[in-house]
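Quick notes on the structure that follows.
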Amino acid sequence: MAMDLDELKQSWNSQRFNVPQIDPASIRRANAFSGQLAVRYRTCALLSLIAVGPLTFCARQLDFPLWMTIYLCAFMLAMSAITSFEWHLASRIDFGIMNLTDALRSVYRLRKQMNMRLLAGIAGGTPLIIAMLIHYFHRFGTELLVAGGAGAVAGAIIGVNHALTNRRILSKMQAELNDATSTDE
Amino acid sequence: MPPAKTTLESDSREAYFLEIVEKNRQLISKVCYMYATDGEHFNDLHQEVMANLWQGIGKFRGDSKISTWIYRICLNTCVTYFRRHNRYDGLRVPLDGVIEIPGDDGTRLAQLHEMYRLISTLQPMEKALILMWLDERPYDEIAEVTGMSRNNVATRLRRIKQKLIKKGQE
């Protein structure tokens with residue numbers, strides 16, 4: 001097709017979209033992704049923080065060694081701190097003020113942070129889970145060990161899948177950012 | 001200009017929102033259509049844009065033109081959208097019946113569809129640039145919305161147009 005961009009520009013400006021009118025009731029329910037994300041991070045950060053108390057209680061009830069109890073609490077506090085930082089990043093996203101390059105950069109940074117949290121979770125959580133499984137085995141026998149092991153494998157599959165998807169999106173966004181910020185004029 | 005802040009916090013916020021959405025309906029649809037891959041994706045993008053506009057309208061102070069602000073929100077939303085669809089490829093399924101050109105016998109509409117198809121092969125940032133150029137936005141406004149320098153916008157646009165012409169001839 002031979003393209004006459006100026007002719008196409010005329011067609012472009014004549015086009016009309018048949019989209020339904022917006023329902024006023026839906027506006028009040030409107031909740032943008034960045035807003036939802038900030039709420040989710042805030043909830044996760046608070047839950048991780050609040051969970052420290054009940055988890056310590058449970059750890060004592062299940063006769064966890066002291067080091068494991070301290071490790072568990074430290075892990076939950078660290079995850080809470082990391083998630084709070086993500087909350088801070090997500091709440092700073094304002095599409096009405098940011099230009100496209102800054103918006104891409106913010107979202108890229110947020111996704112990168114999410115990946116880092118996932119890695120930190122795996123790196124910090126795996127030894128804890130292994131230690132807990134060994135403890136359960138010695139304390140309660142094989143049945144709980146099998147159930148715990150199955151849970152750990154399922155969690156790992158979900159986590160790896162999530163990480164791979166994030167990684168794919170990140171590399172695309174990174175390429176886009178590099179392209180946008182290049183000044184090879 | 002937006003209504004005063006005090007009134008924005010009341011029902012008039014909704015009225016003002018509906019007014020600007022209605023006035024800029026074509027613009028919003030164009031941007032969503034440009035980034036959508038199918039009907040469901042189009043609806044998702046449209047809804048997300050609406051949510052961002054609604055959330056941002058209370059903060060809009062009229063420092064820039066309303067259309068520039070809407071462009072900013074639409075493009076930021078569409079380019080960074082990755083919630084349910086990790087789709088960065090272009091339009092795969094044409095949304096028949098969504099677009100019409102008054103008084104057209106179908107020729108211009110076919111051209112338009114072809115152009116959308118070619119544009120769908122571009123990168124998201126390139127789409128943003130060509131979209132604003134097609135809408136006859138000044139380079140300064142394109143630079144403001146995208147965060148590029150004016151010269152960079154001009155250079156990139158020249159390359160994109162060459163790319164589109166080349167693809168169109170293939």
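Each chain in the structure tokens gets a letter, A, B, ..., in the order shown, and its residues are numbered from 1; ligands are numbered from 1 in order too.
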
Within stretch 96-161 of chain B, find each residue whose DSSP state, derived from the backbone, is alpha helix (DSSP H), and express the selection as a PDB file with N, CA, C and O atoms, in the first residue's frame.
```
ATOM      1  N   THR B 107     -13.501   3.238   1.596  1.00  0.00           N
ATOM      2  CA  THR B 107     -12.103   3.320   1.152  1.00  0.00           C
ATOM      3  C   THR B 107     -11.215   3.912   2.240  1.00  0.00           C
ATOM      4  O   THR B 107     -10.162   3.354   2.577  1.00  0.00           O
ATOM      5  N   ARG B 108     -11.666   5.020   2.784  1.00  0.00           N
ATOM      6  CA  ARG B 108     -10.836   5.686   3.795  1.00  0.00           C
ATOM      7  C   ARG B 108     -10.762   4.858   5.080  1.00  0.00           C
ATOM      8  O   ARG B 108      -9.735   4.841   5.752  1.00  0.00           O
ATOM      9  N   LEU B 109     -11.856   4.180   5.359  1.00  0.00           N
ATOM     10  CA  LEU B 109     -11.872   3.332   6.557  1.00  0.00           C
ATOM     11  C   LEU B 109     -10.875   2.173   6.398  1.00  0.00           C
ATOM     12  O   LEU B 109     -10.163   1.821   7.349  1.00  0.00           O
ATOM     13  N   ALA B 110     -10.822   1.639   5.171  1.00  0.00           N
ATOM     14  CA  ALA B 110      -9.869   0.542   4.903  1.00  0.00           C
ATOM     15  C   ALA B 110      -8.439   1.054   5.059  1.00  0.00           C
ATOM     16  O   ALA B 110      -7.576   0.365   5.625  1.00  0.00           O
ATOM     17  N   GLN B 111      -8.212   2.267   4.553  1.00  0.00           N
ATOM     18  CA  GLN B 111      -6.880   2.884   4.697  1.00  0.00           C
ATOM     19  C   GLN B 111      -6.527   3.064   6.171  1.00  0.00           C
ATOM     20  O   GLN B 111      -5.404   2.822   6.601  1.00  0.00           O
ATOM     21  N   LEU B 112      -7.530   3.496   6.898  1.00  0.00           N
ATOM     22  CA  LEU B 112      -7.337   3.754   8.326  1.00  0.00           C
ATOM     23  C   LEU B 112      -6.999   2.460   9.070  1.00  0.00           C
ATOM     24  O   LEU B 112      -6.097   2.427   9.909  1.00  0.00           O
ATOM     25  N   HIS B 113      -7.717   1.396   8.707  1.00  0.00           N
ATOM     26  CA  HIS B 113      -7.445   0.096   9.335  1.00  0.00           C
ATOM     27  C   HIS B 113      -6.022  -0.359   9.025  1.00  0.00           C
ATOM     28  O   HIS B 113      -5.320  -0.901   9.885  1.00  0.00           O
ATOM     29  N   GLU B 114      -5.625  -0.123   7.767  1.00  0.00           N
ATOM     30  CA  GLU B 114      -4.273  -0.501   7.358  1.00  0.00           C
ATOM     31  C   GLU B 114      -3.238   0.305   8.151  1.00  0.00           C
ATOM     32  O   GLU B 114      -2.220  -0.222   8.602  1.00  0.00           O
ATOM     33  N   MET B 115      -3.562   1.574   8.345  1.00  0.00           N
ATOM     34  CA  MET B 115      -2.637   2.411   9.103  1.00  0.00           C
ATOM     35  C   MET B 115      -2.540   1.939  10.555  1.00  0.00           C
ATOM     36  O   MET B 115      -1.455   1.869  11.128  1.00  0.00           O
ATOM     37  N   TYR B 116      -3.678   1.595  11.129  1.00  0.00           N
ATOM     38  CA  TYR B 116      -3.664   1.073  12.502  1.00  0.00           C
ATOM     39  C   TYR B 116      -2.816  -0.196  12.572  1.00  0.00           C
ATOM     40  O   TYR B 116      -2.088  -0.418  13.529  1.00  0.00           O
ATOM     41  N   ARG B 117      -2.947  -1.014  11.536  1.00  0.00           N
ATOM     42  CA  ARG B 117      -2.181  -2.261  11.519  1.00  0.00           C
ATOM     43  C   ARG B 117      -0.676  -1.968  11.495  1.00  0.00           C
ATOM     44  O   ARG B 117       0.100  -2.583  12.222  1.00  0.00           O
ATOM     45  N   LEU B 118      -0.305  -0.985  10.665  1.00  0.00           N
ATOM     46  CA  LEU B 118       1.122  -0.638  10.578  1.00  0.00           C
ATOM     47  C   LEU B 118       1.604  -0.010  11.885  1.00  0.00           C
ATOM     48  O   LEU B 118       2.685  -0.327  12.368  1.00  0.00           O
ATOM     49  N   ILE B 119       0.774   0.846  12.444  1.00  0.00           N
ATOM     50  CA  ILE B 119       1.158   1.503  13.702  1.00  0.00           C
ATOM     51  C   ILE B 119       1.282   0.476  14.825  1.00  0.00           C
ATOM     52  O   ILE B 119       2.104   0.619  15.727  1.00  0.00           O
ATOM     53  N   PRO B 124       5.623   1.108  21.940  1.00  0.00           N
ATOM     54  CA  PRO B 124       4.642   1.969  22.623  1.00  0.00           C
ATOM     55  C   PRO B 124       4.983   3.464  22.584  1.00  0.00           C
ATOM     56  O   PRO B 124       4.094   4.299  22.372  1.00  0.00           O
ATOM     57  N   MET B 125       6.252   3.807  22.769  1.00  0.00           N
ATOM     58  CA  MET B 125       6.613   5.233  22.759  1.00  0.00           C
ATOM     59  C   MET B 125       6.473   5.819  21.356  1.00  0.00           C
ATOM     60  O   MET B 125       6.055   6.964  21.185  1.00  0.00           O
ATOM     61  N   GLU B 126       6.801   5.018  20.355  1.00  0.00           N
ATOM     62  CA  GLU B 126       6.652   5.471  18.964  1.00  0.00           C
ATOM     63  C   GLU B 126       5.170   5.693  18.641  1.00  0.00           C
ATOM     64  O   GLU B 126       4.808   6.647  17.961  1.00  0.00           O
ATOM     65  N   LYS B 127       4.336   4.804  19.179  1.00  0.00           N
ATOM     66  CA  LYS B 127       2.889   4.957  18.965  1.00  0.00           C
ATOM     67  C   LYS B 127       2.410   6.277  19.551  1.00  0.00           C
ATOM     68  O   LYS B 127       1.602   6.977  18.951  1.00  0.00           O
ATOM     69  N   ALA B 128       2.910   6.586  20.751  1.00  0.00           N
ATOM     70  CA  ALA B 128       2.497   7.835  21.411  1.00  0.00           C
ATOM     71  C   ALA B 128       2.866   9.040  20.553  1.00  0.00           C
ATOM     72  O   ALA B 128       2.070   9.971  20.376  1.00  0.00           O
ATOM     73  N   LEU B 129       4.073   8.998  19.983  1.00  0.00           N
ATOM     74  CA  LEU B 129       4.543  10.132  19.170  1.00  0.00           C
ATOM     75  C   LEU B 129       3.705  10.288  17.903  1.00  0.00           C
ATOM     76  O   LEU B 129       3.246  11.388  17.585  1.00  0.00           O
ATOM     77  N   ILE B 130       3.489   9.179  17.206  1.00  0.00           N
ATOM     78  CA  ILE B 130       2.755   9.261  15.931  1.00  0.00           C
ATOM     79  C   ILE B 130       1.291   9.614  16.177  1.00  0.00           C
ATOM     80  O   ILE B 130       0.685  10.350  15.398  1.00  0.00           O
ATOM     81  N   LEU B 131       0.764   9.136  17.284  1.00  0.00           N
ATOM     82  CA  LEU B 131      -0.628   9.439  17.621  1.00  0.00           C
ATOM     83  C   LEU B 131      -0.816  10.947  17.820  1.00  0.00           C
ATOM     84  O   LEU B 131      -1.748  11.553  17.279  1.00  0.00           O
ATOM     85  N   MET B 132       0.086  11.553  18.556  1.00  0.00           N
ATOM     86  CA  MET B 132      -0.043  12.987  18.807  1.00  0.00           C
ATOM     87  C   MET B 132       0.238  13.792  17.545  1.00  0.00           C
ATOM     88  O   MET B 132      -0.362  14.842  17.321  1.00  0.00           O
ATOM     89  N   TRP B 133       1.134  13.270  16.717  1.00  0.00           N
ATOM     90  CA  TRP B 133       1.406  13.960  15.442  1.00  0.00           C
ATOM     91  C   TRP B 133       0.176  13.894  14.542  1.00  0.00           C
ATOM     92  O   TRP B 133      -0.211  14.881  13.930  1.00  0.00           O
ATOM     93  N   LEU B 134      -0.440  12.735  14.465  1.00  0.00           N
ATOM     94  CA  LEU B 134      -1.646  12.576  13.648  1.00  0.00           C
ATOM     95  C   LEU B 134      -2.761  13.499  14.150  1.00  0.00           C
ATOM     96  O   LEU B 134      -3.557  14.005  13.371  1.00  0.00           O
ATOM     97  N   TYR B 139       4.797  20.266  18.422  1.00  0.00           N
ATOM     98  CA  TYR B 139       5.950  19.513  18.927  1.00  0.00           C
ATOM     99  C   TYR B 139       6.212  19.810  20.404  1.00  0.00           C
ATOM    100  O   TYR B 139       6.626  18.933  21.161  1.00  0.00           O
ATOM    101  N   ASP B 140       5.977  21.049  20.796  1.00  0.00           N
ATOM    102  CA  ASP B 140       6.225  21.405  22.205  1.00  0.00           C
ATOM    103  C   ASP B 140       5.320  20.600  23.135  1.00  0.00           C
ATOM    104  O   ASP B 140       5.746  20.163  24.206  1.00  0.00           O
ATOM    105  N   GLU B 141       4.074  20.433  22.718  1.00  0.00           N
ATOM    106  CA  GLU B 141       3.133  19.671  23.546  1.00  0.00           C
ATOM    107  C   GLU B 141       3.521  18.188  23.570  1.00  0.00           C
ATOM    108  O   GLU B 141       3.460  17.539  24.619  1.00  0.00           O
ATOM    109  N   ILE B 142       3.942  17.672  22.408  1.00  0.00           N
ATOM    110  CA  ILE B 142       4.377  16.267  22.358  1.00  0.00           C
ATOM    111  C   ILE B 142       5.574  16.071  23.287  1.00  0.00           C
ATOM    112  O   ILE B 142       5.651  15.099  24.039  1.00  0.00           O
ATOM    113  N   ALA B 143       6.488  17.043  23.238  1.00  0.00           N
ATOM    114  CA  ALA B 143       7.685  16.970  24.099  1.00  0.00           C
ATOM    115  C   ALA B 143       7.285  17.000  25.571  1.00  0.00           C
ATOM    116  O   ALA B 143       7.825  16.256  26.390  1.00  0.00           O
ATOM    117  N   GLU B 144       6.309  17.839  25.885  1.00  0.00           N
ATOM    118  CA  GLU B 144       5.861  17.966  27.285  1.00  0.00           C
ATOM    119  C   GLU B 144       5.241  16.653  27.787  1.00  0.00           C
ATOM    120  O   GLU B 144       5.541  16.205  28.892  1.00  0.00           O
ATOM    121  N   VAL B 145       4.428  16.065  26.951  1.00  0.00           N
ATOM    122  CA  VAL B 145       3.733  14.839  27.372  1.00  0.00           C
ATOM    123  C   VAL B 145       4.679  13.632  27.446  1.00  0.00           C
ATOM    124  O   VAL B 145       4.592  12.824  28.362  1.00  0.00           O
ATOM    125  N   THR B 146       5.607  13.556  26.490  1.00  0.00           N
ATOM    126  CA  THR B 146       6.480  12.376  26.456  1.00  0.00           C
ATOM    127  C   THR B 146       7.736  12.528  27.312  1.00  0.00           C
ATOM    128  O   THR B 146       8.363  11.529  27.665  1.00  0.00           O
ATOM    129  N   ARG B 150      12.331  18.749  22.303  1.00  0.00           N
ATOM    130  CA  ARG B 150      11.611  19.052  21.077  1.00  0.00           C
ATOM    131  C   ARG B 150      12.349  18.483  19.862  1.00  0.00           C
ATOM    132  O   ARG B 150      11.738  17.936  18.947  1.00  0.00           O
ATOM    133  N   ASN B 151      13.682  18.632  19.877  1.00  0.00           N
ATOM    134  CA  ASN B 151      14.490  18.126  18.760  1.00  0.00           C
ATOM    135  C   ASN B 151      14.409  16.610  18.653  1.00  0.00           C
ATOM    136  O   ASN B 151      14.343  16.056  17.562  1.00  0.00           O
ATOM    137  N   ASN B 152      14.416  15.985  19.813  1.00  0.00           N
ATOM    138  CA  ASN B 152      14.325  14.520  19.824  1.00  0.00           C
ATOM    139  C   ASN B 152      12.979  14.065  19.263  1.00  0.00           C
ATOM    140  O   ASN B 152      12.901  13.097  18.509  1.00  0.00           O
ATOM    141  N   VAL B 153      11.933  14.805  19.612  1.00  0.00           N
ATOM    142  CA  VAL B 153      10.591  14.489  19.091  1.00  0.00           C
ATOM    143  C   VAL B 153      10.596  14.579  17.565  1.00  0.00           C
ATOM    144  O   VAL B 153      10.126  13.673  16.869  1.00  0.00           O
ATOM    145  N   ALA B 154      11.186  15.676  17.060  1.00  0.00           N
ATOM    146  CA  ALA B 154      11.203  15.869  15.604  1.00  0.00           C
ATOM    147  C   ALA B 154      11.978  14.749  14.912  1.00  0.00           C
ATOM    148  O   ALA B 154      11.532  14.194  13.894  1.00  0.00           O
ATOM    149  N   THR B 155      13.139  14.419  15.476  1.00  0.00           N
ATOM    150  CA  THR B 155      13.968  13.366  14.871  1.00  0.00           C
ATOM    151  C   THR B 155      13.253  12.025  14.894  1.00  0.00           C
ATOM    152  O   THR B 155      13.218  11.298  13.896  1.00  0.00           O
ATOM    153  N   ARG B 156      12.685  11.714  16.059  1.00  0.00           N
ATOM    154  CA  ARG B 156      12.009  10.421  16.205  1.00  0.00           C
ATOM    155  C   ARG B 156      10.805  10.326  15.267  1.00  0.00           C
ATOM    156  O   ARG B 156      10.554   9.286  14.664  1.00  0.00           O
ATOM    157  N   LEU B 157      10.082  11.436  15.150  1.00  0.00           N
ATOM    158  CA  LEU B 157       8.900  11.428  14.282  1.00  0.00           C
ATOM    159  C   LEU B 157       9.288  11.208  12.823  1.00  0.00           C
ATOM    160  O   LEU B 157       8.605  10.484  12.100  1.00  0.00           O
ATOM    161  N   ARG B 158      10.378  11.845  12.421  1.00  0.00           N
ATOM    162  CA  ARG B 158      10.824  11.680  11.036  1.00  0.00           C
ATOM    163  C   ARG B 158      11.127  10.195  10.772  1.00  0.00           C
ATOM    164  O   ARG B 158      10.716   9.631   9.760  1.00  0.00           O
ATOM    165  N   ARG B 159      11.807   9.576  11.712  1.00  0.00           N
ATOM    166  CA  ARG B 159      12.169   8.156  11.552  1.00  0.00           C
ATOM    167  C   ARG B 159      10.921   7.262  11.535  1.00  0.00           C
ATOM    168  O   ARG B 159      10.836   6.319  10.773  1.00  0.00           O
ATOM    169  N   ILE B 160       9.991   7.590  12.426  1.00  0.00           N
ATOM    170  CA  ILE B 160       8.772   6.772  12.504  1.00  0.00           C
ATOM    171  C   ILE B 160       7.996   6.861  11.188  1.00  0.00           C
ATOM    172  O   ILE B 160       7.503   5.861  10.665  1.00  0.00           O
ATOM    173  N   LYS B 161       7.897   8.073  10.655  1.00  0.00           N
ATOM    174  CA  LYS B 161       7.158   8.247   9.397  1.00  0.00           C
ATOM    175  C   LYS B 161       7.833   7.452   8.275  1.00  0.00           C
ATOM    176  O   LYS B 161       7.173   6.786   7.484  1.00  0.00           O
TER     177      LYS B 161
END
```

Q: For chain B, list the residues within 7 Å of chain A, counting only C-alpha atoms, and write the list as number ranges by chain.
A: B: 26, 29, 48, 51-52, 54, 56, 69, 72-73, 75-76, 80, 86, 98-101, 108, 112, 125, 134-135, 144-147, 152, 155, 165, 168-169

Q) Hey, which of A:Gln36, A:Thr56, A:Gln61, A:Asn115 ends up closest to A:Arg139? Count only C-alpha atoms. A)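 With only C-alpha atoms as the atom set, the closest residue is A:Gln61.
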
(Q) Set the distance at 12 Å and use only C-alpha atoms: which residues neighbour A:Gly53 once local chain neighbours fewer than 5 positions away are removed? I'd like the list as a list in words. (A) Leu47, Ser48, Cys58, Ala59, Arg60, Thr69, Ile70, Leu72, Cys73, Ala74, Met76 and Leu77 of chain A

Q. Between B:Arg13, B:Arg137, B:Lys163, B:Lys30, which is the closest to B:Gly58 once you count only C-alpha atoms?
A. B:Arg13

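Atom to atom, atom CA of B:Gly39 and atom CA of B:Glu136 stand 26.7 Å apart.
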
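Separating atom CA of A:Ala38 from atom CA of A:His88 is a distance of 7.7 Å.
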
Q) What is the atom CA of A:Leu119 to atom CA of B:Val79 distance in Å? A)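 Distance between the two atoms: 26.2 Å.
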
(Q) If we count only C-alpha atoms and set the cut-off at 12 Å, which residues sit around stretch 142-149 of chain A, ignoring sequence neighbours fewer than 3 positions away in its own chain? Please answer as a count of residues only. (A) 17
